[in-house]
Each structure stands twice: as structure tokens, then as C-alpha cells.
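One file, my_file16.cif, is given below (mmCIF, C-alpha atoms and all ligand atoms).
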```cif
data_run
loop_
_atom_site.label_atom_id
_atom_site.label_comp_id
_atom_site.auth_asym_id
_atom_site.auth_seq_id
_atom_site.Cartn_x
_atom_site.Cartn_y
_atom_site.Cartn_z
CA MET A 1369 72.50 89.35 150.46
CA HIS A 1370 69.15 89.37 152.26
CA ARG A 1371 68.36 92.58 154.19
CA PHE A 1372 66.01 92.82 157.18
CA PHE A 1373 64.63 95.78 159.10
CA VAL A 1374 64.49 95.97 162.90
CA ASP A 1375 63.48 98.49 165.50
CA ARG A 1376 66.39 100.37 167.11
CA SER A 1377 65.55 98.63 170.42
CA GLN A 1378 66.57 95.27 168.92
CA VAL A 1379 70.13 96.47 168.27
CA GLU A 1380 72.51 95.69 171.15
CA LYS A 1381 76.26 96.32 171.43
CA GLU A 1382 77.39 93.11 169.78
CA LYS A 1383 74.19 91.45 168.66
CA ILE A 1384 70.86 92.10 166.98
CA VAL A 1385 67.70 90.11 167.66
CA ILE A 1386 65.19 89.48 164.89
CA LEU A 1387 61.54 89.15 165.91
CA GLY A 1388 58.13 88.94 164.24
CA SER A 1389 57.33 87.64 160.76
CA ASP A 1390 60.95 87.80 159.62
CA VAL A 1391 61.74 84.88 161.98
CA ASN A 1392 59.45 82.57 160.03
CA HIS A 1393 60.67 84.01 156.72
CA ILE A 1394 64.31 83.34 157.58
CA ARG A 1395 63.70 79.88 159.08
CA ASN A 1396 61.04 78.40 156.81
CA VAL A 1397 61.03 80.38 153.57
CA LEU A 1398 64.71 81.18 153.10
CA ARG A 1399 65.70 78.09 155.16
CA MET A 1400 68.71 79.93 156.49
CA LYS A 1401 70.97 78.23 159.03
CA ILE A 1402 73.24 79.19 161.91
CA GLY A 1403 76.40 80.71 160.41
CA ASP A 1404 74.58 82.34 157.49
CA GLN A 1405 75.10 86.08 157.05
CA ILE A 1406 72.44 88.78 156.56
CA GLN A 1407 72.26 92.57 156.45
CA ILE A 1408 70.18 94.43 159.04
CA SER A 1409 69.03 98.05 159.05
CA ASP A 1410 67.16 99.98 161.74
CA GLY A 1411 65.91 102.86 159.59
CA SER A 1412 69.01 104.98 160.10
CA ASN A 1413 71.77 105.14 157.50
CA GLN A 1414 73.60 102.31 159.24
CA VAL A 1415 73.61 98.78 157.85
CA TRP A 1416 75.00 95.94 159.95
CA LEU A 1417 76.53 92.77 158.50
CA CYS A 1418 75.45 90.00 160.90
CA GLN A 1419 75.82 86.28 161.33
CA ILE A 1420 73.03 84.03 162.63
CA VAL A 1421 74.13 82.47 165.94
CA GLN A 1422 70.87 81.15 167.43
CA MET A 1423 67.46 80.26 165.97
CA GLU A 1424 64.31 79.85 168.10
CA ASN A 1425 60.64 79.76 167.10
CA ASP A 1426 59.98 83.38 168.01
CA LYS A 1427 63.38 84.99 167.65
CA ILE A 1428 66.71 84.77 165.86
CA GLU A 1429 69.91 86.03 167.46
CA THR A 1430 72.63 87.43 165.23
CA GLU A 1431 76.15 88.57 166.00
CA ILE A 1432 77.32 91.89 164.56
CA LEU A 1433 80.33 91.38 162.27
CA SER A 1434 80.63 94.91 160.89
CA VAL A 1435 78.66 98.11 160.30
CA GLU A 1436 78.74 100.54 157.40
CA GLU A 1437 77.13 103.81 156.42
CA SER A 1438 74.62 103.42 153.60
CA PHE A 1439 73.74 106.32 151.33
CA ALA A 1440 70.74 104.67 149.73
CA GLU A 1441 68.37 107.30 151.11
CA LEU A 1442 67.70 110.65 149.44
CA PRO A 1443 68.57 113.61 151.69
CA ALA A 1444 65.04 115.04 151.46
CA LYS A 1445 61.76 113.33 152.36
CA ILE A 1446 59.57 112.96 149.27
CA TYR A 1447 55.88 112.22 149.85
CA LEU A 1448 53.96 110.95 146.80
CA PHE A 1449 50.25 111.77 147.03
CA GLN A 1450 48.83 109.42 144.42
CA GLY A 1451 45.28 109.75 143.07
CA ILE A 1452 44.01 106.22 143.67
CA PRO A 1453 44.20 104.45 140.30
CA LYS A 1454 42.04 101.61 138.99
CA GLY A 1455 42.92 97.92 139.28
CA ASP A 1456 46.25 96.94 140.79
CA LYS A 1457 48.22 99.86 139.31
CA MET A 1458 48.81 101.17 142.84
CA GLU A 1459 50.96 98.12 143.60
CA TRP A 1460 53.22 98.89 140.61
CA ILE A 1461 53.37 102.58 141.57
CA ILE A 1462 54.38 101.74 145.15
CA GLN A 1463 57.09 99.31 144.07
CA LYS A 1464 58.65 101.77 141.59
CA ALA A 1465 58.34 104.78 143.88
CA VAL A 1466 60.20 102.88 146.63
CA GLU A 1467 62.96 102.02 144.15
CA LEU A 1468 63.16 105.73 143.28
CA GLY A 1469 63.68 106.80 146.89
CA VAL A 1470 60.21 107.95 147.97
CA TYR A 1471 59.84 108.51 151.73
CA ALA A 1472 56.10 107.84 152.02
CA ILE A 1473 53.13 107.24 149.75
CA VAL A 1474 49.65 108.60 150.45
CA PRO A 1475 46.70 107.21 148.48
CA MET A 1476 44.72 110.35 147.60
CA ARG A 1477 40.95 110.49 147.04
CA THR A 1478 39.99 113.17 144.47
CA ASN A 1479 36.79 113.84 142.52
CA ARG A 1480 37.75 111.67 139.56
CA VAL A 1481 38.95 108.66 141.57
CA VAL A 1482 36.52 105.88 140.59
CA VAL A 1483 37.76 103.28 143.10
CA LYS A 1484 35.48 103.06 146.15
CA LEU A 1485 37.14 101.66 149.30
CA ASP A 1486 35.24 101.26 152.57
CA LYS A 1487 37.23 101.31 155.84
CA GLU A 1488 37.66 97.52 155.87
CA LYS A 1489 38.75 97.32 152.25
CA GLU A 1490 41.08 100.27 152.74
CA GLN A 1491 42.79 98.52 155.68
CA SER A 1492 43.33 95.29 153.75
CA LYS A 1493 44.61 97.23 150.73
CA ARG A 1494 47.01 99.20 152.93
CA ASN A 1495 48.32 96.00 154.54
CA ARG A 1496 49.08 94.63 151.09
CA TRP A 1497 50.53 97.92 149.87
CA ASN A 1498 52.84 98.16 152.90
CA LYS A 1499 54.05 94.59 152.28
CA ILE A 1500 54.89 95.62 148.71
CA ALA A 1501 56.74 98.68 150.00
CA GLU A 1502 58.75 96.50 152.42
CA SER A 1503 59.75 93.99 149.77
CA ALA A 1504 60.71 96.76 147.33
CA ALA A 1505 62.78 98.42 150.08
CA LYS A 1506 64.63 95.14 150.72
CA GLN A 1507 65.21 94.53 147.01
CA SER A 1508 66.44 98.06 146.30
CA GLY A 1509 68.75 98.23 149.33
CA ARG A 1510 66.86 100.99 151.15
CA THR A 1511 67.70 101.55 154.83
CA VAL A 1512 64.16 102.63 155.59
CA ILE A 1513 60.83 101.07 154.63
CA PRO A 1514 58.65 103.79 153.08
CA GLU A 1515 55.17 103.72 154.62
CA VAL A 1516 51.85 103.74 152.73
CA LEU A 1517 49.80 106.12 154.88
CA PRO A 1518 45.99 106.19 155.24
CA ILE A 1519 43.89 107.59 152.38
CA MET A 1520 43.54 111.37 152.37
CA GLY A 1521 41.18 113.70 150.53
CA LEU A 1522 42.59 116.73 148.74
CA GLU A 1523 41.77 119.14 151.60
CA GLU A 1524 43.58 116.85 154.09
CA VAL A 1525 46.58 116.71 151.74
CA CYS A 1526 46.68 120.51 151.50
CA HIS A 1527 46.69 120.69 155.30
CA PHE A 1528 49.30 117.89 155.60
CA VAL A 1529 51.78 119.65 153.28
CA LYS A 1530 51.19 123.13 154.74
CA GLU A 1531 54.66 123.32 156.32
CA PHE A 1532 56.44 121.43 153.53
CA GLU A 1533 59.37 123.31 152.04
CA CYS A 1534 58.41 122.20 148.51
CA LYS A 1535 54.97 121.12 147.23
CA MET A 1536 53.91 120.60 143.64
CA ILE A 1537 50.89 119.45 141.67
CA PRO A 1538 51.91 118.20 138.23
CA TYR A 1539 49.09 119.39 135.97
CA GLU A 1540 49.22 118.76 132.26
CA CYS A 1541 47.42 122.03 131.48
CA THR A 1542 50.37 124.14 132.67
CA ASN A 1543 52.52 123.17 129.69
CA GLU A 1544 52.83 126.74 128.56
CA LYS A 1545 55.33 127.20 131.42
CA GLY A 1546 57.24 124.04 130.39
CA VAL A 1547 59.57 121.91 132.45
CA GLY A 1548 61.96 124.85 132.94
CA ARG A 1549 59.79 126.04 135.82
CA THR A 1550 59.67 122.51 137.23
CA ARG A 1551 63.47 122.37 137.11
CA LYS A 1552 63.74 125.69 138.98
CA LEU A 1553 61.41 124.41 141.71
CA VAL A 1554 63.26 121.09 142.08
CA GLU A 1555 66.70 122.73 142.10
CA LYS A 1556 65.68 124.68 145.20
CA ILE A 1557 65.06 121.52 147.27
CA GLN A 1558 67.55 121.25 150.15
CA PRO A 1559 68.61 118.27 152.30
CA LYS A 1560 66.09 117.61 155.08
CA ASP A 1561 63.31 119.37 153.12
CA ARG A 1562 59.90 117.71 152.94
CA VAL A 1563 58.62 117.53 149.37
CA GLY A 1564 55.00 116.84 148.38
CA VAL A 1565 54.09 115.63 144.87
CA LEU A 1566 50.37 115.35 144.01
CA ILE A 1567 49.46 113.13 141.05
CA GLY A 1568 45.94 112.85 139.69
CA PRO A 1569 44.15 109.57 138.89
CA GLU A 1570 43.43 108.39 135.34
CA GLY A 1571 40.83 111.13 134.90
CA GLY A 1572 43.18 113.81 136.17
CA PHE A 1573 42.39 116.74 138.48
CA GLU A 1574 39.36 118.96 138.09
CA LYS A 1575 40.19 122.64 137.53
CA GLU A 1576 38.63 123.48 140.90
CA GLU A 1577 40.92 120.98 142.61
CA VAL A 1578 43.99 122.58 141.07
CA GLU A 1579 42.65 125.97 142.23
CA ILE A 1580 42.36 124.64 145.81
CA ALA A 1581 45.94 123.35 145.62
CA LEU A 1582 47.23 126.69 144.28
CA GLN A 1583 45.40 128.57 147.06
CA ASN A 1584 47.28 126.35 149.53
CA GLY A 1585 50.69 127.26 148.14
CA ILE A 1586 51.07 124.10 146.04
CA GLU A 1587 52.70 124.94 142.71
CA ALA A 1588 51.32 123.60 139.42
CA VAL A 1589 54.16 122.18 137.33
CA SER A 1590 54.61 120.54 133.94
CA LEU A 1591 56.17 117.11 133.44
CA GLY A 1592 56.64 117.75 129.72
CA LYS A 1593 54.63 118.22 126.57
CA ARG A 1594 53.04 114.77 126.51
CA ILE A 1595 50.13 113.47 128.57
CA LEU A 1596 51.51 110.83 130.94
CA ARG A 1597 49.53 107.98 132.45
CA THR A 1598 48.96 108.36 136.17
CA GLU A 1599 51.40 105.55 136.90
CA THR A 1600 54.08 107.23 134.76
CA ALA A 1601 53.68 110.76 136.08
CA GLY A 1602 54.73 110.10 139.66
CA MET A 1603 57.81 108.22 138.51
CA ILE A 1604 58.90 111.05 136.23
CA ALA A 1605 58.43 113.56 139.05
CA LEU A 1606 60.46 111.38 141.45
CA GLY A 1607 63.14 110.91 138.79
CA MET A 1608 63.41 114.67 138.23
CA ILE A 1609 63.79 115.27 141.98
CA MET A 1610 66.28 112.42 142.39
CA LEU A 1611 68.47 113.82 139.59
CA PHE A 1612 69.11 116.97 141.63
CA LEU A 1613 69.08 115.41 145.08
CA GLU A 1614 71.03 112.19 144.70
CA GLU A 1615 74.43 113.80 145.10
N1 LIG X 1701 44.05 114.99 131.78
C1 LIG X 1701 44.72 113.73 131.47
C2 LIG X 1701 44.26 113.21 130.11
O1 LIG X 1701 43.80 114.02 129.33
O2 LIG X 1701 44.39 112.01 129.87
C3 LIG X 1701 44.41 112.70 132.52
C4 LIG X 1701 45.33 112.85 133.71
S1 LIG X 1701 46.86 112.03 133.61
C5 LIG X 1701 46.40 110.49 133.04
C6 LIG X 1701 47.14 111.65 135.34
C7 LIG X 1701 47.97 112.67 136.11
O3 LIG X 1701 49.31 112.66 135.64
C8 LIG X 1701 47.53 114.11 135.98
O4 LIG X 1701 46.48 114.39 136.89
C9 LIG X 1701 48.80 114.84 136.34
O5 LIG X 1701 48.95 114.88 137.76
C10 LIG X 1701 49.87 113.97 135.74
N2 LIG X 1701 50.33 114.36 134.43
C11 LIG X 1701 50.20 113.64 133.29
N3 LIG X 1701 50.82 114.25 132.27
C12 LIG X 1701 51.36 115.40 132.77
C13 LIG X 1701 52.13 116.47 132.22
N4 LIG X 1701 52.50 116.48 130.94
N5 LIG X 1701 52.49 117.49 133.04
C14 LIG X 1701 52.13 117.49 134.35
N6 LIG X 1701 51.40 116.51 134.93
C15 LIG X 1701 51.03 115.47 134.15
#
```

For this file, produce the structure as C-alpha cells.
Amino acid sequence: MHRFFVDRSQVEKEKIVILGSDVNHIRNVLRMKIGDQIQISDGSNQVWLCQIVQMENDKIETEILSVEESFAELPAKIYLFQGIPKGDKMEWIIQKAVELGVYAIVPMRTNRVVVKLDKEKEQSKRNRWNKIAESAAKQSGRTVIPEVLPIMGLEEVCHFVKEFECKMIPYECTNEKGVGRTRKLVEKIQPKDRVGVLIGPEGGFEKEEVEIALQNGIEAVSLGKRILRTETAGMIALGMIMLFLEE
């Protein structure tokens, strides 16, 4: 069943009004009619089953039939700081990270990122990336739409995660400590914690960058004894966290 996201202000006692681009999507792309049913979420863990009762050009009125609690969200907020990869890999990373329960994705600029994005290009990329996040959230039954935040440099990321309860930089040169240490770090994550995961681009992190992260309380962890592609690494890290958090 199709799921749509609204702002809390659009939820009334017995009805929910749909506005914006979803109106056109429902009317002209999905060609839905009065009487059809859809699911609506407002970013909380509630999901309403609704029936379309009125369709206008700029809004669609639905009647609330029932409401249920959804447990699709992880209890902690995981932020993926992704070294901007080449080509359109970022789109794949965003889609999979949303399926895996990520809370937000931050494109990260580090020394070995080769992609150059000026302000205008960054904005158009972010618009596209956020559309991908929204469609992945709908497909995977999320009750929130993870946001792709503005690009940050490593120093900004270190500042951003300062108060996070858990922050890690997967670094393939820490293998001597193995995944046992990673498991210990992940097991400590509690509901409502904010978790930061920093993943390098194809060329990885420079040693100095890892040093800066360590000086800011970000722990270097191993994701195993093999070198993972940048698009694989974030997914493994999210999977490890999800394994302990999902229940
Ligand atoms: N140095 C790598 C190489 O020799 O190909 C390049 C970096 S790897 C393609 C991209 C990122 O994935 C790394 O910066 C790191 O964040 C993460 N990564 C890959 N394999 C890892 C591992 N075994 N343990 C921890 N992190 C890993």
C-alpha cells in the first residue's frame, strides 16, 4: 500500500490533508480515486490508514480509518558521514542506508574526495539525493524520511558529533584490533543515542585525518579483515549496529 509523509499540522482529529507534490503524484501518476486507501505517517511512530474522500488540484482530503504503532525505526539515531564517492554511487549508498534504518546522511568532503561540487551543483545533487531518500523511505516502510544534510568537511563533522554518545571511524588499518572491539562499541549503544559513522571515499582516509578524528573522541574500528569498497563499508557498519539495536 502506498505510504505518504505529512507534517504533523496536516493531521486533524478525523482527517488528514495531503498537500504539495504528493497531490500530483496521487492524482496523475498513481491515478488514485476517491475511496482508495493509503498509509500516512507524520514522522512519529504512528501510521494512519486513510481513505481518499476529496481530490482538488492543490490538496487531497483523506478520512482516518485506523492508526497503528510502527516499529520500523531504530531506537537510536544513526548518522552516516559518507566520503563523497565518484559517479552516482552516492545514490545507491543513500537508498541502501535508508533501507537499513539510517537517521541522516551527511556527504563528507575529505582530502581524497575527487568529486568537486560548487554550491549550485551541491544544491541540485542534494535535491536529487533527498528525493532518493524519500522514495527509499516509502518503499521500506519507514515512518520518517532520513535527510541528506549539507556537505561537511572533516573538522565540521568532528564538531557536529562532539556530543554524540557513540562515534566511530571505520579504518581498515586498525585490523589488528579486529571486529571484537567494534562489537564492544556497538553493544554499548542505547536507545535515543546519537551514533556517528564516518566512511572514507574510494581513496580512504589519510593518516592525519584519522588522527584528527581520534583527537576528537571518534574511535577507529575495524569492519573485518578485508578491504571493503566505500559503498560496502557504510552498509556493513549500519548492519552491525542494526543487529544489536533492532530489538
Ligand atoms: N585504503 C583502502 C584501499 O586500500 O583500497 C581505500 C578505502 S576503502 C575503499 C573506503 C572506506 O571504507 C575506508 O576509508 C574505510 O572507512 C572503510 N573500510 C573499508 N574496509 C574497511 C575495513 N576492513 N575496516 C574498517 N573500515 C574499512

Between CA of Ile1452 in chain A and CA of Lys1506 in chain A, what is the distance in Å, rounded to a tenth? 24.4 Å

As an exercise, work out the distance from CA of Val1563 in chain A to CA of Arg1549 in chain A in Å and give it to one decimal place.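 Interatomic distance, CA of Val1563 in chain A to CA of Arg1549 in chain A: 16.0 Å.
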
Find, counting all atoms listed in the file, the residue in A:Ile1384, A:Leu1596, A:Ile1519, A:Ala1588 that gets nearest to Val1483 in chain A.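 Residue with the minimum atom-to-atom distance to Val1483 in chain A: A:Ile1519.
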
Expected answer as an MDAnalysis selection string: residues within 9 Å of ligand LIG 1701 (chain X), only C-alpha atoms and all ligand atoms: chainID A and resid 1450:1451 1537:1543 1546:1547 1565:1574 1588:1602 1605

Nearest to Lys1445 in chain A by atom-to-atom distance, counting all atoms listed in the file, from A:Gln1583, A:Gln1558, A:Ser1492, A:Ser1503: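 When distances to Lys1445 in chain A are compared using all atoms listed in the file, the smallest one comes from A:Gln1558.
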
Figure out the distance between CA of Leu1417 in chain A and CA of Lys1381 in chain A, please, to one decimal in Å.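 Computing it gives 13.4 Å between the two atoms.
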
May I ask which of the residues A:Ala1472, A:Ile1428, A:Val1516, A:Ile1462 is the closest one to Ile1386 in chain A, counting all atoms listed in the file?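 Of the candidates, the smallest distance to Ile1386 in chain A is held by A:Ile1428.
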
Give the answer as one residue: which of A:Val1397, A:Ala1444, A:Val1512, A:Ile1604 has the shortest atom-to-atom distance to Ser1409 in chain A, using all atoms listed in the file?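 The closest residue to Ser1409 in chain A is A:Val1512.
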
Quick one: residues within 12 Å of (46.1, 118.8, 154.4) (file frame), counting all atoms listed in the file, please, as a ChimeraX atom specification. /A:1449,1474,1476,1519-1532,1535,1564,1566,1580-1581,1584-1586

Around all listed atoms of range 1371-1390 of chain A, padded 8 Å per side, what centre and edge lengths does the axis-aligned box have in Å to one decimal, as AutoDock Vina command-line options?
```
--center_x 67.4 --center_y 94.0 --center_z 162.8 --size_x 36.1 --size_y 28.7 --size_z 33.2
```

Of the listed residues A:Ile1500, A:Val1385, A:Met1423, A:Leu1611, that which approaches Asp1404 in chain A most closely, counting all atoms listed in the file: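 Closest residue, counting all atoms listed in the file: A:Met1423.
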
So, counting only C-alpha atoms, which residue among A:Glu1615, A:Glu1467, A:Glu1579, A:Asp1410 is closest to Met1603 in chain A?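 Between A:Glu1615, A:Glu1467, A:Glu1579, A:Asp1410, the residue approaching Met1603 in chain A most closely is A:Glu1467.
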
Contacts of Gly1403 in chain A at 9 Å (all atoms listed in the file; same-chain gap of 4+ positions) as a count of residues only: 4
